[in-house]
file structure-v2.csv (CSV, N, CA and C atoms)
chain,number,residue,atom,x,y,z
A,1,LEU,N,0.8,-1.2,0.0
A,1,LEU,CA,0.0,0.0,0.0
A,1,LEU,C,0.9,1.3,0.0
A,2,GLU,N,2.0,1.2,0.6
A,2,GLU,CA,2.9,2.3,0.7
A,2,GLU,C,3.3,2.8,-0.7
A,3,THR,N,3.6,1.8,-1.6
A,3,THR,CA,4.0,2.1,-3.0
A,3,THR,C,2.8,2.8,-3.7
A,4,ILE,N,1.6,2.3,-3.5
A,4,ILE,CA,0.5,2.9,-4.2
A,4,ILE,C,0.2,4.3,-3.7
A,5,ALA,N,0.4,4.6,-2.4
A,5,ALA,CA,0.3,5.9,-1.8
A,5,ALA,C,1.4,6.8,-2.4
A,6,GLN,N,2.6,6.3,-2.6
A,6,GLN,CA,3.6,7.1,-3.3
A,6,GLN,C,3.3,7.4,-4.7
A,7,LYS,N,2.7,6.5,-5.4
A,7,LYS,CA,2.2,6.7,-6.8
A,7,LYS,C,1.1,7.8,-6.8
A,8,ALA,N,0.3,7.8,-5.8
A,8,ALA,CA,-0.7,8.9,-5.7
A,8,ALA,C,-0.1,10.3,-5.6
A,9,MET,N,1.0,10.3,-4.8
A,9,MET,CA,1.7,11.6,-4.6
A,9,MET,C,2.4,12.0,-5.9
A,10,GLN,N,2.9,11.0,-6.6
A,10,GLN,CA,3.5,11.4,-7.9
A,10,GLN,C,2.5,11.9,-8.9
A,11,GLN,N,1.3,11.4,-8.8
A,11,GLN,CA,0.2,11.9,-9.7
A,11,GLN,C,-0.1,13.3,-9.3
A,12,ILE,N,-0.1,13.6,-8.1
A,12,ILE,CA,-0.4,15.0,-7.6
A,12,ILE,C,0.6,15.9,-8.2
A,13,HIS,N,1.9,15.6,-8.1
A,13,HIS,CA,3.0,16.4,-8.6
A,13,HIS,C,3.0,16.5,-10.1
A,14,SER,N,2.7,15.5,-10.8
A,14,SER,CA,2.7,15.5,-12.2
A,14,SER,C,1.5,16.2,-12.9
A,15,SER,N,0.5,16.4,-12.1
A,15,SER,CA,-0.7,17.1,-12.6
A,15,SER,C,-0.5,18.6,-12.5
A,16,LYS,N,-1.4,19.4,-13.0
A,16,LYS,CA,-1.3,20.8,-13.0
A,16,LYS,C,-2.0,21.5,-11.8
A,17,TYR,N,-2.5,20.6,-10.9
A,17,TYR,CA,-3.2,21.1,-9.7
A,17,TYR,C,-2.3,22.1,-8.9
A,18,VAL,N,-1.1,21.8,-8.7
A,18,VAL,CA,-0.2,22.6,-7.9
A,18,VAL,C,0.0,24.0,-8.6
A,19,THR,N,0.2,24.0,-9.9
A,19,THR,CA,0.4,25.2,-10.6
A,19,THR,C,-0.8,26.1,-10.5
A,20,VAL,N,-1.9,25.6,-10.6
A,20,VAL,CA,-3.2,26.4,-10.5
A,20,VAL,C,-3.3,27.0,-9.1
A,21,LEU,N,-3.0,26.2,-8.1
A,21,LEU,CA,-3.1,26.7,-6.7
A,21,LEU,C,-2.0,27.8,-6.5
A,22,GLU,N,-0.8,27.6,-7.0
A,22,GLU,CA,0.2,28.6,-6.8
A,22,GLU,C,-0.1,29.9,-7.5
A,23,GLU,N,-0.7,29.8,-8.7
A,23,GLU,CA,-1.1,31.0,-9.5
A,23,GLU,C,-2.2,31.8,-8.7
A,24,ASN,N,-2.9,31.1,-7.9
A,24,ASN,CA,-4.0,31.8,-7.1
A,24,ASN,C,-3.5,32.2,-5.7
A,25,GLN,N,-2.1,32.3,-5.6
A,25,GLN,CA,-1.5,32.8,-4.4
A,25,GLN,C,-1.7,31.9,-3.2
A,26,LYS,N,-1.9,30.6,-3.4
A,26,LYS,CA,-2.0,29.7,-2.3
A,26,LYS,C,-0.6,29.3,-1.9
A,27,LYS,N,-0.1,29.6,-0.7
A,27,LYS,CA,1.3,29.4,-0.3
A,27,LYS,C,1.5,28.2,0.6
A,28,GLU,N,0.6,27.9,1.4
A,28,GLU,CA,0.7,26.8,2.3
A,28,GLU,C,-0.2,25.7,1.8
A,29,LEU,N,0.5,24.7,1.2
A,29,LEU,CA,-0.2,23.5,0.6
A,29,LEU,C,0.1,22.2,1.4
A,30,MET,N,-0.8,21.3,1.4
A,30,MET,CA,-0.6,20.0,2.0
A,30,MET,C,-1.1,19.0,1.0
A,31,PHE,N,-0.2,18.1,0.6
A,31,PHE,CA,-0.5,17.1,-0.4
A,31,PHE,C,-0.6,15.8,0.3
A,32,VAL,N,-1.7,15.0,0.0
A,32,VAL,CA,-1.9,13.7,0.7
A,32,VAL,C,-2.2,12.6,-0.3
A,33,GLY,N,-1.3,11.6,-0.3
A,33,GLY,CA,-1.5,10.4,-1.1
A,33,GLY,C,-2.0,9.3,-0.2
A,34,VAL,N,-3.2,8.7,-0.6
A,34,VAL,CA,-3.8,7.7,0.3
A,34,VAL,C,-4.0,6.4,-0.5
A,35,ALA,N,-3.8,5.3,0.1
A,35,ALA,CA,-4.1,4.0,-0.5
A,35,ALA,C,-4.8,3.2,0.6
A,36,PHE,N,-5.8,2.4,0.2
A,36,PHE,CA,-6.4,1.6,1.2
A,36,PHE,C,-6.9,0.3,0.6
A,37,ASP,N,-6.9,-0.7,1.5
A,37,ASP,CA,-7.4,-2.1,1.1
A,37,ASP,C,-8.2,-2.6,2.3
A,38,GLY,N,-9.5,-2.5,2.3
A,38,GLY,CA,-10.3,-2.9,3.4
A,38,GLY,C,-10.0,-2.0,4.6
A,39,LYS,N,-9.5,-2.5,5.7
A,39,LYS,CA,-9.2,-1.7,6.9
A,39,LYS,C,-7.7,-1.2,6.9
A,40,GLU,N,-6.9,-1.7,6.0
A,40,GLU,CA,-5.5,-1.3,5.9
A,40,GLU,C,-5.3,0.0,5.1
A,41,VAL,N,-4.6,1.0,5.7
A,41,VAL,CA,-4.4,2.3,5.0
A,41,VAL,C,-2.9,2.7,5.0
A,42,ALA,N,-2.5,3.3,3.9
A,42,ALA,CA,-1.2,3.9,3.9
A,42,ALA,C,-1.4,5.3,3.4
A,43,CYS,N,-0.6,6.2,4.0
A,43,CYS,CA,-0.8,7.7,3.7
A,43,CYS,C,0.6,8.3,3.6
A,44,VAL,N,0.8,9.2,2.6
A,44,VAL,CA,2.0,9.9,2.4
A,44,VAL,C,1.6,11.4,2.4
A,45,ILE,N,2.2,12.2,3.2
A,45,ILE,CA,1.9,13.6,3.4
A,45,ILE,C,3.1,14.5,3.1
A,46,GLU,N,2.9,15.6,2.3
A,46,GLU,CA,3.9,16.6,2.1
A,46,GLU,C,3.4,17.9,2.3
A,47,LYS,N,4.1,18.8,2.9
A,47,LYS,CA,3.7,20.2,3.1
A,47,LYS,C,4.7,21.1,2.3
A,48,SER,N,4.1,22.2,1.8
A,48,SER,CA,5.0,23.1,1.1
A,48,SER,C,4.8,24.5,1.6
call {"tool": "encode", "arguments": {"input": "structure-v2.csv", "output": "structure tokens"}}
result
Amino acid sequence: LETIAQKAMQQIHSSKYVTVLEENQKKELMFVGVAFDGKEVACVIEKS
């Protein structure tokens, strides 16, 4: 699950979501990549 959560984080960074937020003067951002399987969960968090 950790690998899948990391892939979710990569998808966030490869998308244009971050650029749009920064263009709108959003300075404090938190990115969360989550993967789950039943009751098992993996989460990756980054702040900028």
call {"tool": "select_by_dssp", "arguments": {"input": "structure-v2.csv", "residues": "chain A", "states": "helix (DSSP H, G or I)", "output": "PyMOL selection string"}}
result
chain A and resi 2-14+17-23
call {"tool": "residues_around", "arguments": {"input": "structure-v2.csv", "residues": "Gln10 in chain A", "least_positions_apart": "5", "cutoff": "12 Å", "atoms": "only C-alpha atoms", "output": "PyMOL selection string"}}
result
chain A and resi 3-5+15-18+31-34+44-46
call {"tool": "closest_residue", "arguments": {"input": "structure-v2.csv", "among": "A:Lys26, A:Lys7, A:Ile12, A:Glu2", "to": "Glu40 in chain A", "atoms": "only C-alpha atoms"}}
result
A:Glu2
call {"tool": "atom_distance", "arguments": {"input": "structure-v2.csv", "atom1": "atom C of Gln6 in chain A", "atom2": "atom N of Ala35 in chain A"}}
result
8.8 Å
call {"tool": "select_by_dssp", "arguments": {"input": "structure-v2.csv", "residues": "chain A", "states": "strand (DSSP E or B)", "output": "ChimeraX atom specification"}}
result
/A:30-37,40-47
call {"tool": "write_last_selection", "arguments": {"input": "structure-v2.csv", "atoms": "N, CA and C atoms", "output": "PDB file, in the frame of the given file"}}
result
ATOM      1  N   MET A  30      -0.800  21.300   1.400  1.00  0.00           N
ATOM      2  CA  MET A  30      -0.600  20.000   2.000  1.00  0.00           C
ATOM      3  C   MET A  30      -1.100  19.000   1.000  1.00  0.00           C
ATOM      4  N   PHE A  31      -0.200  18.100   0.600  1.00  0.00           N
ATOM      5  CA  PHE A  31      -0.500  17.100  -0.400  1.00  0.00           C
ATOM      6  C   PHE A  31      -0.600  15.800   0.300  1.00  0.00           C
ATOM      7  N   VAL A  32      -1.700  15.000   0.000  1.00  0.00           N
ATOM      8  CA  VAL A  32      -1.900  13.700   0.700  1.00  0.00           C
ATOM      9  C   VAL A  32      -2.200  12.600  -0.300  1.00  0.00           C
ATOM     10  N   GLY A  33      -1.300  11.600  -0.300  1.00  0.00           N
ATOM     11  CA  GLY A  33      -1.500  10.400  -1.100  1.00  0.00           C
ATOM     12  C   GLY A  33      -2.000   9.300  -0.200  1.00  0.00           C
ATOM     13  N   VAL A  34      -3.200   8.700  -0.600  1.00  0.00           N
ATOM     14  CA  VAL A  34      -3.800   7.700   0.300  1.00  0.00           C
ATOM     15  C   VAL A  34      -4.000   6.400  -0.500  1.00  0.00           C
ATOM     16  N   ALA A  35      -3.800   5.300   0.100  1.00  0.00           N
ATOM     17  CA  ALA A  35      -4.100   4.000  -0.500  1.00  0.00           C
ATOM     18  C   ALA A  35      -4.800   3.200   0.600  1.00  0.00           C
ATOM     19  N   PHE A  36      -5.800   2.400   0.200  1.00  0.00           N
ATOM     20  CA  PHE A  36      -6.400   1.600   1.200  1.00  0.00           C
ATOM     21  C   PHE A  36      -6.900   0.300   0.600  1.00  0.00           C
ATOM     22  N   ASP A  37      -6.900  -0.700   1.500  1.00  0.00           N
ATOM     23  CA  ASP A  37      -7.400  -2.100   1.100  1.00  0.00           C
ATOM     24  C   ASP A  37      -8.200  -2.600   2.300  1.00  0.00           C
ATOM     25  N   GLU A  40      -6.900  -1.700   6.000  1.00  0.00           N
ATOM     26  CA  GLU A  40      -5.500  -1.300   5.900  1.00  0.00           C
ATOM     27  C   GLU A  40      -5.300   0.000   5.100  1.00  0.00           C
ATOM     28  N   VAL A  41      -4.600   1.000   5.700  1.00  0.00           N
ATOM     29  CA  VAL A  41      -4.400   2.300   5.000  1.00  0.00           C
ATOM     30  C   VAL A  41      -2.900   2.700   5.000  1.00  0.00           C
ATOM     31  N   ALA A  42      -2.500   3.300   3.900  1.00  0.00           N
ATOM     32  CA  ALA A  42      -1.200   3.900   3.900  1.00  0.00           C
ATOM     33  C   ALA A  42      -1.400   5.300   3.400  1.00  0.00           C
ATOM     34  N   CYS A  43      -0.600   6.200   4.000  1.00  0.00           N
ATOM     35  CA  CYS A  43      -0.800   7.700   3.700  1.00  0.00           C
ATOM     36  C   CYS A  43       0.600   8.300   3.600  1.00  0.00           C
ATOM     37  N   VAL A  44       0.800   9.200   2.600  1.00  0.00           N
ATOM     38  CA  VAL A  44       2.000   9.900   2.400  1.00  0.00           C
ATOM     39  C   VAL A  44       1.600  11.400   2.400  1.00  0.00           C
ATOM     40  N   ILE A  45       2.200  12.200   3.200  1.00  0.00           N
ATOM     41  CA  ILE A  45       1.900  13.600   3.400  1.00  0.00           C
ATOM     42  C   ILE A  45       3.100  14.500   3.100  1.00  0.00           C
ATOM     43  N   GLU A  46       2.900  15.600   2.300  1.00  0.00           N
ATOM     44  CA  GLU A  46       3.900  16.600   2.100  1.00  0.00           C
ATOM     45  C   GLU A  46       3.400  17.900   2.300  1.00  0.00           C
ATOM     46  N   LYS A  47       4.100  18.800   2.900  1.00  0.00           N
ATOM     47  CA  LYS A  47       3.700  20.200   3.100  1.00  0.00           C
ATOM     48  C   LYS A  47       4.700  21.100   2.300  1.00  0.00           C
TER      49      LYS A  47
END
call {"tool": "atom_distance", "arguments": {"input": "structure-v2.csv", "atom1": "CA of Thr19 in chain A", "atom2": "CA of Leu1 in chain A"}}
result
27.3 Å
call {"tool": "atom_distance", "arguments": {"input": "structure-v2.csv", "atom1": "atom N of Asp37 in chain A", "atom2": "CA of Ser14 in chain A"}}
result
23.3 Å
call {"tool": "closest_residue", "arguments": {"input": "structure-v2.csv", "among": "A:His13, A:Val20, A:Met30, A:Phe36", "to": "Ser48 in chain A", "atoms": "only N, CA and C atoms"}}
result
A:Met30
